[in-house]
Amino acid sequence: MKKVLVCSLLVLAMSASAFGAAFKVGGTGPLTGGAAIYGTAAMRGAQIAAEEINAMGGDIQFELRYEDDTHDAEKAVNAYNALKDWGMQVSLGSVTSKPAEATAAENFADRIFALTPSASSAAVTEGKDNVFQMCFVDPNQGSASAQYIGEKGFAKKVAVIWKNDDVYSKGIRDTFVEKAPSFGLEIVSETAFADGNDTDFSVQLTDAKEKGAELVFLPMYYQPASLILAQAQAMGYAPKWFGVDGMDGILTMEGFDKSLAEGVMLLTPFNADAKDERTQNFVKKYQEKYGEIPNQFAADGYDCVYAYYQALTQAKATPDMDAETLCQKMIEQFTTMTFNGVTGENVRWAKNGEVSKDPKGMVIKDGAYVGLD
Amino acid sequence: MTMRRLINLKRVEARRIYLTYAVVIVAYVICQVMSSTKFLSSSMRGMLVPICAYMVMAVSLNLVVGILGELSLGHAGFMSVGAFSGVAAAVLLQGIIPFAPVRLAVAMIVAAIFAAAAGFIIGIPVLRLKGDYLAIVTLAFGEIIKSILNNFYLGVDSGGLHFSMLADTTRLLPGGKLIIRGPMGISGIQKIATFPAGAILLFISLMIVFNLVNSRSGRAFMAIRDDRIAAESIGLDITKYKMMAFVTSAALAGAAGALFAMNYSTIVANKFDFNTSILILVFVVLGGQGNMLGGIIAAAVLTILPEKLRGFSEYRMLLYAIVLIVMMLATNNAEIKDFISRFNPFRRKEEANS
């Protein structure tokens, strides 16, 4: 009897999945290794969105799959190929920049549409008509930061500490340094570090302190930033700190003393404290499921799936279409549609795949992100 | 000439060489047929070129570790020199040689020359050392190469080539193009590396290494490996022979690097770090030091393995490590070796002869 029941259930389950066919969405990201926090967050955000959409039971259903790329271009291409074998129809690209550059080239060659949640280097979309970004492109972050600091009058004398073997850090730093003078900022100290010497920042901090920098700009990921904050406090240096979206995640870092990040400002498109219903619903679900406040990467992942939902609905796409047909439809949709998500209102995409939305200034207060404006 | 030398060798040695060539050719033909009939999954097809590059790396490092008997921990450094110089050459030649396979070949030759030059320069101080000291210094040089490439900018415009260090001060004329962008590496590489090219490179590497090993110089390498003092006492110029092996190995690694880089649209110097050097060393050790075919097989297995373990998601790398430990133990276990050798048809005859 039991067997019969199990069998009939199985048959039911199978016929259900065959009947309610879903769009196969695949993405790669670092799920293990040093950058795992970004990949996992983007994946979780996308998963929540896919579950919500599937629960609505409409025509558009998603089957989401993420593969680990360990933040490495070679592994990312392997992961992308594994997804292709699985039958991916639309892609979420890769989470981090360099792997995304490699997979974007594959996306372009295979005519599989890609919308990356957070790969922000300009080279990701360059020359590819079917690769789009959900996040700001790095150079824009640099100029937006310079503009924000200048217009709000946070400081005149600015120090920059950047990682000179990192695409992300360099991309932001280059435009920041270029644009800073036009917003009345003077860069008094500019120091760099690299992989392998990223544990001791006394030289960089001493230089910034001696040259009298009132604000230190940190275009980097949160790991080195956490050390910089700790070491600055140890040497009694307390300038204003300004970070970019890579700083997001510092509060959920294991073993980090949150009081160190008190007063750190950062420019990010997502604010977990925002009062609108959409954001609050997302934050609540994320917290219930994973026990932490979602960061910007999670929000980007969440928005990507909803952007696909909107585009696929408008294009009247069906899951039996092949990747190339969908690619053409998605290009048409993404270049014309306006999207409202948790990382911004009235989000639009240019033909080259770059997104336009307003960055939000945030400050860390009492161990949480609070909007600056 | 070459053929006669090979045939005149002791039979065991000749057999091993021919077996290696035969396995490589058969494996290539099978993969090529499967790939062109779409029988191979995208995942496997995507790995063909990197596997070839890693195989060449294993062969070239085997020359230093297995034949010369010196531990090199900076082999990925030569791969990166080759990757960057090869890609730069390919970009510059784009207008001059429109035919991609020829451009790839030229790029690989340029890569080999640059890597050999790097090998020579590094070899001057390094090869005066021995044992652990040599290993540690090669490790340091691997890191130095990575740091230099991370801070190196190369651009081209109508005025010619421009390069700068630390920051981009190349000041290119309008219409100029920055090829190497320091930490951002090279972007937008034309993917001209192909599986047949990889297989040809592997075959050429094997021919070079086997011929070198079975020459007068090769015997000198092994004499140095087995007893440095005895070798010195019969008048062998140790540094010269070490340099010969080291530079050959670096050149092959450079060509492999160019092949590898041109299989991806982007390449950064950080890819060729200490971990990559160790990975290549693992191929050599797992395959058996001095055993070219073993190294080639190990390179293929260890590249495919993590992909085949994708089903285990987060536990993938843990399983990979466990499988690696088991394989290392198994290949070093006398009983298992004995069991495997039973399947070797030549073995019994050999034993009877001896």
# chains A, B, ... in the order shown; residues from 1 in each chain; ligands from 1

$ select_by_dssp --residues "stretch 167-272 of chain A" --states "strand (DSSP E or B)" --output "list in words"
Glu186, Ile187, Val188, Ser189, Glu190, Thr191, Ala192, Phe193, Leu215, Val216, Phe217, Leu218, Lys240, Trp241, Phe242, Gly243, Met265, Leu266, Leu267 and Thr268 of chain A

$ write_last_selection --atoms "N, CA and C atoms" --output "mmCIF file, in the first residue's frame"
data_model
loop_
_atom_site.group_PDB
_atom_site.id
_atom_site.type_symbol
_atom_site.label_atom_id
_atom_site.label_comp_id
_atom_site.auth_asym_id
_atom_site.auth_seq_id
_atom_site.Cartn_x
_atom_site.Cartn_y
_atom_site.Cartn_z
ATOM 1 N N GLU A 186 40.945 67.329 -2.321
ATOM 2 C CA GLU A 186 42.383 67.248 -2.550
ATOM 3 C C GLU A 186 42.861 65.900 -2.029
ATOM 4 N N ILE A 187 43.498 65.136 -2.896
ATOM 5 C CA ILE A 187 43.993 63.831 -2.461
ATOM 6 C C ILE A 187 45.405 64.021 -1.918
ATOM 7 N N VAL A 188 45.505 63.924 -0.591
ATOM 8 C CA VAL A 188 46.795 64.214 0.040
ATOM 9 C C VAL A 188 47.654 62.972 0.178
ATOM 10 N N SER A 189 47.018 61.834 0.231
ATOM 11 C CA SER A 189 47.805 60.619 0.402
ATOM 12 C C SER A 189 47.170 59.507 -0.417
ATOM 13 N N GLU A 190 47.996 58.802 -1.161
ATOM 14 C CA GLU A 190 47.462 57.686 -1.921
ATOM 15 C C GLU A 190 48.396 56.506 -1.765
ATOM 16 N N THR A 191 47.946 55.464 -1.105
ATOM 17 C CA THR A 191 48.808 54.318 -0.854
ATOM 18 C C THR A 191 48.071 53.039 -1.271
ATOM 19 N N ALA A 192 48.870 52.036 -1.574
ATOM 20 C CA ALA A 192 48.277 50.806 -2.085
ATOM 21 C C ALA A 192 48.791 49.602 -1.315
ATOM 22 N N PHE A 193 48.101 48.513 -1.471
ATOM 23 C CA PHE A 193 48.575 47.234 -0.940
ATOM 24 C C PHE A 193 48.188 46.159 -1.947
ATOM 25 N N LEU A 215 39.420 62.468 5.653
ATOM 26 C CA LEU A 215 38.571 61.349 5.249
ATOM 27 C C LEU A 215 39.431 60.339 4.498
ATOM 28 N N VAL A 216 39.223 59.072 4.802
ATOM 29 C CA VAL A 216 39.963 58.034 4.080
ATOM 30 C C VAL A 216 38.967 57.246 3.218
ATOM 31 N N PHE A 217 39.269 57.211 1.942
ATOM 32 C CA PHE A 217 38.410 56.498 0.991
ATOM 33 C C PHE A 217 38.955 55.084 0.828
ATOM 34 N N LEU A 218 38.093 54.100 1.004
ATOM 35 C CA LEU A 218 38.530 52.700 0.961
ATOM 36 C C LEU A 218 37.811 51.935 -0.157
ATOM 37 N N LYS A 240 37.218 60.338 9.008
ATOM 38 C CA LYS A 240 35.962 59.798 8.497
ATOM 39 C C LYS A 240 36.328 58.681 7.522
ATOM 40 N N TRP A 241 35.523 57.657 7.497
ATOM 41 C CA TRP A 241 35.788 56.547 6.577
ATOM 42 C C TRP A 241 34.699 56.504 5.526
ATOM 43 N N PHE A 242 35.111 56.268 4.296
ATOM 44 C CA PHE A 242 34.121 56.181 3.227
ATOM 45 C C PHE A 242 34.412 54.952 2.379
ATOM 46 N N GLY A 243 33.442 54.089 2.247
ATOM 47 C CA GLY A 243 33.652 52.863 1.484
ATOM 48 C C GLY A 243 32.717 52.785 0.292
ATOM 49 N N MET A 265 30.988 55.421 6.440
ATOM 50 C CA MET A 265 29.981 55.724 5.417
ATOM 51 C C MET A 265 30.251 54.881 4.186
ATOM 52 N N LEU A 266 29.224 54.504 3.494
ATOM 53 C CA LEU A 266 29.455 53.799 2.239
ATOM 54 C C LEU A 266 28.343 54.100 1.241
ATOM 55 N N LEU A 267 28.725 53.964 -0.001
ATOM 56 C CA LEU A 267 27.781 54.238 -1.075
ATOM 57 C C LEU A 267 27.341 52.895 -1.627
ATOM 58 N N THR A 268 26.092 52.603 -1.479
ATOM 59 C CA THR A 268 25.606 51.319 -1.966
ATOM 60 C C THR A 268 24.164 51.512 -2.433
#

$ residues_around --residues "B:Leu149" --least-positions-apart "6" --cutoff "10 Å" --atoms "only C-alpha atoms" --output "number ranges by chain"
A: 165; B: 77, 80-81, 84, 143, 165-166, 180-183, 185, 268-270

$ closest_atom_pairs --of "chain A" --to "chain B" --cutoff "8 Å" --atoms "only C-alpha atoms" --output "CSV"
residue,atom,partner,partner_atom,distance
A:Leu31,CA,B:Glu314,CA,7.5
A:Thr32,CA,B:Glu314,CA,7.1
A:Glu67,CA,B:Ser313,CA,7.8
A:Asp68,CA,B:Ser313,CA,7.6
A:Asp72,CA,B:Lys271,CA,7.5
A:Ala73,CA,B:Thr266,CA,7.6
A:Glu74,CA,B:Tyr264,CA,7.5
A:Val77,CA,B:Gly46,CA,7.5
A:Asn78,CA,B:Ser43,CA,6.0
A:Ala79,CA,B:Ser43,CA,7.7
A:Tyr80,CA,B:Ser43,CA,7.9
A:Asn81,CA,B:Ser43,CA,4.5
A:Ala82,CA,B:Ser43,CA,5.0
A:Lys84,CA,B:Ser42,CA,6.8
A:Asp85,CA,B:Ser42,CA,6.0
A:Lys98,CA,B:Thr266,CA,7.3
A:Glu101,CA,B:Thr266,CA,6.5
A:Ala102,CA,B:Ser265,CA,5.3
A:Ala105,CA,B:Ser265,CA,6.3
A:Ala123,CA,B:Ser187,CA,6.9
A:Asn164,CA,B:Pro183,CA,6.1
A:Asp165,CA,B:Pro183,CA,4.1
A:Asp166,CA,B:Pro183,CA,5.5
A:Val167,CA,B:Met184,CA,4.8
A:Lys170,CA,B:Pro183,CA,7.6

$ write_last_selection --atoms "N, CA and C atoms" --output "PDB file, in the first residue's frame"
ATOM      1  N   LEU A  31      31.064  30.301  -4.078  1.00  0.00           N
ATOM      2  CA  LEU A  31      30.311  29.755  -2.952  1.00  0.00           C
ATOM      3  C   LEU A  31      31.257  29.200  -1.897  1.00  0.00           C
ATOM      4  N   THR A  32      32.530  29.039  -2.287  1.00  0.00           N
ATOM      5  CA  THR A  32      33.556  28.644  -1.319  1.00  0.00           C
ATOM      6  C   THR A  32      34.738  29.582  -1.510  1.00  0.00           C
ATOM      7  N   GLU A  67      26.328  27.548  -9.512  1.00  0.00           N
ATOM      8  CA  GLU A  67      27.516  26.693  -9.456  1.00  0.00           C
ATOM      9  C   GLU A  67      28.684  27.496  -8.897  1.00  0.00           C
ATOM     10  N   ASP A  68      29.549  26.806  -8.188  1.00  0.00           N
ATOM     11  CA  ASP A  68      30.685  27.448  -7.521  1.00  0.00           C
ATOM     12  C   ASP A  68      31.799  27.768  -8.528  1.00  0.00           C
ATOM     13  N   ASP A  72      37.373  32.542  -9.650  1.00  0.00           N
ATOM     14  CA  ASP A  72      38.468  32.261 -10.564  1.00  0.00           C
ATOM     15  C   ASP A  72      37.886  32.113 -11.973  1.00  0.00           C
ATOM     16  N   ALA A  73      38.511  32.789 -12.935  1.00  0.00           N
ATOM     17  CA  ALA A  73      37.960  32.820 -14.296  1.00  0.00           C
ATOM     18  C   ALA A  73      37.889  31.426 -14.912  1.00  0.00           C
ATOM     19  N   GLU A  74      38.926  30.631 -14.695  1.00  0.00           N
ATOM     20  CA  GLU A  74      38.960  29.288 -15.289  1.00  0.00           C
ATOM     21  C   GLU A  74      37.813  28.431 -14.748  1.00  0.00           C
ATOM     22  N   VAL A  77      34.357  29.471 -16.066  1.00  0.00           N
ATOM     23  CA  VAL A  77      34.000  28.950 -17.393  1.00  0.00           C
ATOM     24  C   VAL A  77      33.576  27.484 -17.264  1.00  0.00           C
ATOM     25  N   ASN A  78      34.280  26.731 -16.422  1.00  0.00           N
ATOM     26  CA  ASN A  78      33.874  25.343 -16.176  1.00  0.00           C
ATOM     27  C   ASN A  78      32.464  25.288 -15.614  1.00  0.00           C
ATOM     28  N   ALA A  79      32.202  26.166 -14.641  1.00  0.00           N
ATOM     29  CA  ALA A  79      30.881  26.185 -14.008  1.00  0.00           C
ATOM     30  C   ALA A  79      29.816  26.573 -15.036  1.00  0.00           C
ATOM     31  N   TYR A  80      30.153  27.553 -15.870  1.00  0.00           N
ATOM     32  CA  TYR A  80      29.228  27.993 -16.914  1.00  0.00           C
ATOM     33  C   TYR A  80      28.904  26.833 -17.853  1.00  0.00           C
ATOM     34  N   ASN A  81      29.923  26.079 -18.242  1.00  0.00           N
ATOM     35  CA  ASN A  81      29.698  24.940 -19.144  1.00  0.00           C
ATOM     36  C   ASN A  81      28.848  23.867 -18.486  1.00  0.00           C
ATOM     37  N   ALA A  82      29.055  23.683 -17.178  1.00  0.00           N
ATOM     38  CA  ALA A  82      28.230  22.707 -16.456  1.00  0.00           C
ATOM     39  C   ALA A  82      26.764  23.149 -16.495  1.00  0.00           C
ATOM     40  N   LYS A  84      25.435  25.000 -18.795  1.00  0.00           N
ATOM     41  CA  LYS A  84      24.971  24.855 -20.172  1.00  0.00           C
ATOM     42  C   LYS A  84      24.523  23.411 -20.419  1.00  0.00           C
ATOM     43  N   ASP A  85      25.283  22.472 -19.870  1.00  0.00           N
ATOM     44  CA  ASP A  85      24.900  21.063 -20.001  1.00  0.00           C
ATOM     45  C   ASP A  85      23.573  20.786 -19.309  1.00  0.00           C
ATOM     46  N   LYS A  98      36.127  39.463 -12.388  1.00  0.00           N
ATOM     47  CA  LYS A  98      37.002  38.757 -13.347  1.00  0.00           C
ATOM     48  C   LYS A  98      36.353  37.480 -13.882  1.00  0.00           C
ATOM     49  N   GLU A 101      33.861  38.462 -16.463  1.00  0.00           N
ATOM     50  CA  GLU A 101      34.413  38.815 -17.777  1.00  0.00           C
ATOM     51  C   GLU A 101      34.565  37.554 -18.618  1.00  0.00           C
ATOM     52  N   ALA A 102      35.059  36.489 -17.990  1.00  0.00           N
ATOM     53  CA  ALA A 102      35.280  35.244 -18.735  1.00  0.00           C
ATOM     54  C   ALA A 102      33.960  34.609 -19.144  1.00  0.00           C
ATOM     55  N   ALA A 105      32.030  36.457 -22.006  1.00  0.00           N
ATOM     56  CA  ALA A 105      32.492  36.152 -23.358  1.00  0.00           C
ATOM     57  C   ALA A 105      31.826  34.874 -23.860  1.00  0.00           C
ATOM     58  N   ALA A 123      34.598  45.935 -18.213  1.00  0.00           N
ATOM     59  CA  ALA A 123      34.915  44.964 -19.262  1.00  0.00           C
ATOM     60  C   ALA A 123      33.892  43.836 -19.342  1.00  0.00           C
ATOM     61  N   ASN A 164      46.174  47.303  -5.208  1.00  0.00           N
ATOM     62  CA  ASN A 164      46.621  47.494  -6.588  1.00  0.00           C
ATOM     63  C   ASN A 164      46.708  46.226  -7.422  1.00  0.00           C
ATOM     64  N   ASP A 165      46.270  45.095  -6.893  1.00  0.00           N
ATOM     65  CA  ASP A 165      46.210  43.919  -7.766  1.00  0.00           C
ATOM     66  C   ASP A 165      44.770  43.430  -7.898  1.00  0.00           C
ATOM     67  N   ASP A 166      43.843  44.346  -7.697  1.00  0.00           N
ATOM     68  CA  ASP A 166      42.441  43.972  -7.729  1.00  0.00           C
ATOM     69  C   ASP A 166      41.690  44.842  -8.737  1.00  0.00           C
ATOM     70  N   VAL A 167      41.008  44.203  -9.649  1.00  0.00           N
ATOM     71  CA  VAL A 167      40.301  44.908 -10.713  1.00  0.00           C
ATOM     72  C   VAL A 167      39.283  45.893 -10.152  1.00  0.00           C
ATOM     73  N   LYS A 170      40.907  48.892  -8.326  1.00  0.00           N
ATOM     74  CA  LYS A 170      41.570  49.787  -9.269  1.00  0.00           C
ATOM     75  C   LYS A 170      40.551  50.568 -10.097  1.00  0.00           C
TER      76      LYS A 170
END

$ residues_around --residues "A:Val25" --least-positions-apart "5" --cutoff "8 Å" --atoms "only C-alpha atoms" --output "list of chain:residue names"
A:Phe62, A:Glu63, A:Leu64, A:Arg65, A:Met88, A:Gln89, A:Val90, A:Ser91, A:Leu92

$ residues_around --residues "A:Ala317" --least-positions-apart "6" --cutoff "12 Å" --atoms "only C-alpha atoms" --output "PDB file with C-alpha atoms, in the first residue's frame"
ATOM      1  CA  ALA A  22      10.097  26.356 -15.659  1.00  0.00           C
ATOM      2  CA  PHE A  23      12.714  28.690 -17.054  1.00  0.00           C
ATOM      3  CA  ASP A  59       2.936  31.251 -16.051  1.00  0.00           C
ATOM      4  CA  ILE A  60       6.488  32.199 -15.320  1.00  0.00           C
ATOM      5  CA  GLN A  61       8.187  29.658 -13.091  1.00  0.00           C
ATOM      6  CA  GLN A  89      18.122  29.274 -20.823  1.00  0.00           C
ATOM      7  CA  VAL A  90      18.953  32.620 -19.263  1.00  0.00           C
ATOM      8  CA  TYR A 308      13.825  38.527 -15.445  1.00  0.00           C
ATOM      9  CA  TYR A 309      10.274  37.904 -14.236  1.00  0.00           C
ATOM     10  CA  GLN A 310       9.155  41.286 -15.532  1.00  0.00           C
ATOM     11  CA  ALA A 311      11.018  40.946 -18.835  1.00  0.00           C
ATOM     12  CA  ALA A 323      18.205  30.206 -25.229  1.00  0.00           C
ATOM     13  CA  THR A 325      15.212  33.143 -28.945  1.00  0.00           C
ATOM     14  CA  LEU A 326      15.028  34.199 -25.315  1.00  0.00           C
ATOM     15  CA  CYS A 327      18.266  36.114 -25.714  1.00  0.00           C
ATOM     16  CA  GLN A 328      16.813  38.219 -28.509  1.00  0.00           C
ATOM     17  CA  LYS A 329      13.610  38.861 -26.547  1.00  0.00           C
ATOM     18  CA  MET A 330      15.525  39.793 -23.406  1.00  0.00           C
ATOM     19  CA  GLN A 333      13.024  44.068 -23.115  1.00  0.00           C
TER      20      GLN A 333
END

$ residues_around --residues "stretch 124-131 of chain A" --least-positions-apart "4" --cutoff "7 Å" --atoms "only C-alpha atoms" --output "ChimeraX atom specification"
/A:100-101,104,108,113-115,327,331,352-353

$ write_last_selection --atoms "N, CA and C atoms" --output "CSV table (one decimal), in the first residue's frame"
chain,number,residue,atom,x,y,z
A,100,ALA,N,33.3,37.0,-14.2
A,100,ALA,CA,32.2,37.5,-15.0
A,100,ALA,C,32.7,37.9,-16.4
A,101,GLU,N,33.9,38.5,-16.5
A,101,GLU,CA,34.4,38.8,-17.8
A,101,GLU,C,34.6,37.6,-18.6
A,104,ALA,N,31.1,36.1,-19.4
A,104,ALA,CA,30.3,37.0,-20.3
A,104,ALA,C,30.7,36.7,-21.8
A,108,PHE,N,28.2,35.6,-24.7
A,108,PHE,CA,28.1,36.3,-26.0
A,108,PHE,C,28.3,35.3,-27.1
A,113,PHE,N,21.5,35.0,-22.9
A,113,PHE,CA,21.4,36.3,-22.2
A,113,PHE,C,21.9,36.2,-20.8
A,114,ALA,N,22.6,37.2,-20.4
A,114,ALA,CA,23.1,37.3,-19.0
A,114,ALA,C,22.8,38.6,-18.3
A,115,LEU,N,22.4,38.5,-17.1
A,115,LEU,CA,22.2,39.7,-16.2
A,115,LEU,C,22.9,39.4,-14.9
A,327,CYS,N,17.2,35.1,-25.7
A,327,CYS,CA,18.3,36.1,-25.7
A,327,CYS,C,17.8,37.4,-26.5
A,331,ILE,N,17.0,41.0,-24.9
A,331,ILE,CA,17.7,42.3,-25.3
A,331,ILE,C,16.7,43.4,-25.6
A,352,ASN,N,24.5,49.3,-23.9
A,352,ASN,CA,25.7,48.6,-23.6
A,352,ASN,C,25.6,47.7,-22.4
A,353,GLY,N,24.5,47.7,-21.7
A,353,GLY,CA,24.3,46.8,-20.6
A,353,GLY,C,24.5,47.4,-19.2

$ residues_around --residues "B:Phe78" --least-positions-apart "3" --cutoff "12 Å" --atoms "only C-alpha atoms" --output "PyMOL selection string"
chain B and resi 57+60-61+72-75+81-86+111-123+138-139+141-146+149+246-258+269+272-274+276-277

$ closest_residue --among "B:Ile17, B:Leu161, B:Val323, B:Val87" --to "B:Gly290" --atoms "only C-alpha atoms"
B:Ile17

$ atom_distance --atom1 "atom CA of A:Met235" --atom2 "atom CA of A:Gln204"
12.0 Å

$ select_by_dssp --residues "stretch 132-318 of chain B" --states "alpha helix (DSSP H)" --output "number ranges by chain"
B: 132-150, 195-213, 216-226, 228-233, 238-261, 274-287, 292-308, 316-318

$ write_last_selection --atoms "C-alpha atoms" --output "compact mmCIF listing (two decimals), in the first residue's frame"
# COMPACT_ATOMS: atom_id res chain seq x y z
CA ASP B 132 65.53 23.11 -0.13
CA TYR B 133 67.27 26.43 -0.70
CA LEU B 134 66.65 26.22 -4.42
CA ALA B 135 63.01 25.32 -3.83
CA ILE B 136 62.44 28.32 -1.57
CA VAL B 137 64.14 30.75 -3.92
CA THR B 138 62.05 29.54 -6.88
CA LEU B 139 58.99 30.11 -4.73
CA ALA B 140 60.14 33.68 -4.12
CA PHE B 141 60.78 34.29 -7.82
CA GLY B 142 57.33 32.99 -8.68
CA GLU B 143 55.88 35.63 -6.38
CA ILE B 144 58.18 38.33 -7.78
CA ILE B 145 57.01 37.60 -11.32
CA LYS B 146 53.40 37.83 -10.14
CA SER B 147 54.06 41.18 -8.44
CA ILE B 148 55.83 42.61 -11.48
CA LEU B 149 53.03 41.60 -13.83
CA ASN B 150 50.46 43.03 -11.42
CA PHE B 195 42.26 21.66 -28.80
CA PRO B 196 44.30 20.50 -31.82
CA ALA B 197 46.81 23.29 -31.11
CA GLY B 198 47.00 22.11 -27.51
CA ALA B 199 47.54 18.52 -28.58
CA ILE B 200 50.30 19.56 -31.00
CA LEU B 201 52.00 21.59 -28.28
CA LEU B 202 51.84 18.61 -25.94
CA PHE B 203 53.31 16.34 -28.60
CA ILE B 204 56.14 18.77 -29.36
CA SER B 205 56.85 19.17 -25.63
CA LEU B 206 57.07 15.42 -25.21
CA MET B 207 59.42 15.13 -28.19
CA ILE B 208 61.67 17.86 -26.85
CA VAL B 209 61.77 16.42 -23.35
CA PHE B 210 62.26 12.80 -24.41
CA ASN B 211 65.00 13.72 -26.84
CA LEU B 212 66.72 15.86 -24.26
CA VAL B 213 66.46 13.21 -21.58
CA ARG B 216 74.19 13.18 -23.55
CA SER B 217 72.81 16.16 -21.63
CA GLY B 218 69.94 14.11 -20.30
CA ARG B 219 72.32 11.56 -18.87
CA ALA B 220 74.20 14.44 -17.29
CA PHE B 221 70.93 15.67 -15.70
CA MET B 222 70.32 12.27 -14.18
CA ALA B 223 73.93 11.95 -13.02
CA ILE B 224 73.53 15.28 -11.23
CA ARG B 225 70.25 14.12 -9.72
CA ASP B 226 71.64 10.80 -8.51
CA ARG B 228 75.97 15.63 -7.49
CA ILE B 229 79.49 15.12 -6.11
CA ALA B 230 80.21 12.15 -8.35
CA ALA B 231 78.90 14.09 -11.34
CA GLU B 232 81.10 17.03 -10.48
CA SER B 233 84.11 14.78 -10.01
CA ILE B 238 76.63 21.33 -12.97
CA THR B 239 75.35 24.87 -13.41
CA LYS B 240 75.37 24.58 -17.20
CA TYR B 241 73.29 21.41 -17.25
CA LYS B 242 70.95 22.66 -14.59
CA MET B 243 70.47 25.85 -16.59
CA MET B 244 69.78 23.84 -19.74
CA ALA B 245 67.00 21.88 -18.05
CA PHE B 246 65.62 24.91 -16.28
CA VAL B 247 65.44 27.10 -19.38
CA THR B 248 63.89 24.33 -21.50
CA SER B 249 61.33 23.77 -18.81
CA ALA B 250 60.57 27.49 -18.55
CA ALA B 251 60.15 27.81 -22.32
CA LEU B 252 57.65 24.95 -22.45
CA ALA B 253 55.78 26.42 -19.49
CA GLY B 254 55.65 29.75 -21.32
CA ALA B 255 54.11 28.19 -24.40
CA ALA B 256 51.58 26.39 -22.20
CA GLY B 257 50.77 29.70 -20.51
CA ALA B 258 50.04 31.35 -23.86
CA LEU B 259 47.80 28.46 -24.86
CA PHE B 260 45.99 28.65 -21.53
CA ALA B 261 45.51 32.42 -21.63
CA PHE B 274 51.71 29.78 -5.47
CA ASN B 275 48.64 27.53 -5.52
CA THR B 276 48.95 26.99 -9.25
CA SER B 277 52.63 26.13 -8.87
CA ILE B 278 51.75 23.59 -6.21
CA LEU B 279 48.94 22.17 -8.34
CA ILE B 280 51.43 21.49 -11.15
CA LEU B 281 53.84 19.96 -8.67
CA VAL B 282 51.01 17.71 -7.49
CA PHE B 283 50.52 16.50 -11.09
CA VAL B 284 54.19 15.58 -11.25
CA VAL B 285 54.36 13.90 -7.87
CA LEU B 286 51.11 12.00 -8.35
CA GLY B 287 52.09 10.86 -11.82
CA MET B 292 55.92 11.79 -18.28
CA LEU B 293 52.84 9.70 -19.03
CA GLY B 294 51.97 9.57 -15.34
CA GLY B 295 52.18 13.34 -15.06
CA ILE B 296 49.99 13.80 -18.14
CA ILE B 297 47.35 11.44 -16.80
CA ALA B 298 47.47 13.06 -13.36
CA ALA B 299 46.99 16.49 -14.94
CA ALA B 300 43.90 15.30 -16.79
CA VAL B 301 42.43 13.48 -13.80
CA LEU B 302 43.00 16.30 -11.33
CA THR B 303 41.53 18.90 -13.69
CA ILE B 304 38.42 16.88 -14.46
CA LEU B 305 37.88 15.61 -10.92
CA PRO B 306 36.64 18.84 -9.27
CA GLU B 307 34.17 19.29 -12.14
CA LYS B 308 32.85 15.78 -11.80
CA ARG B 316 33.32 19.23 -3.43
CA MET B 317 36.77 20.49 -2.43
CA LEU B 318 36.75 18.39 0.73

$ closest_residue --among "A:Ala122, A:Ala213, A:Met337, A:Ala42" --to "A:Val160" --atoms "only C-alpha atoms"
A:Ala213

$ atom_distance --atom1 "atom CA of A:Cys304" --atom2 "atom CA of B:Phe312"
26.0 Å
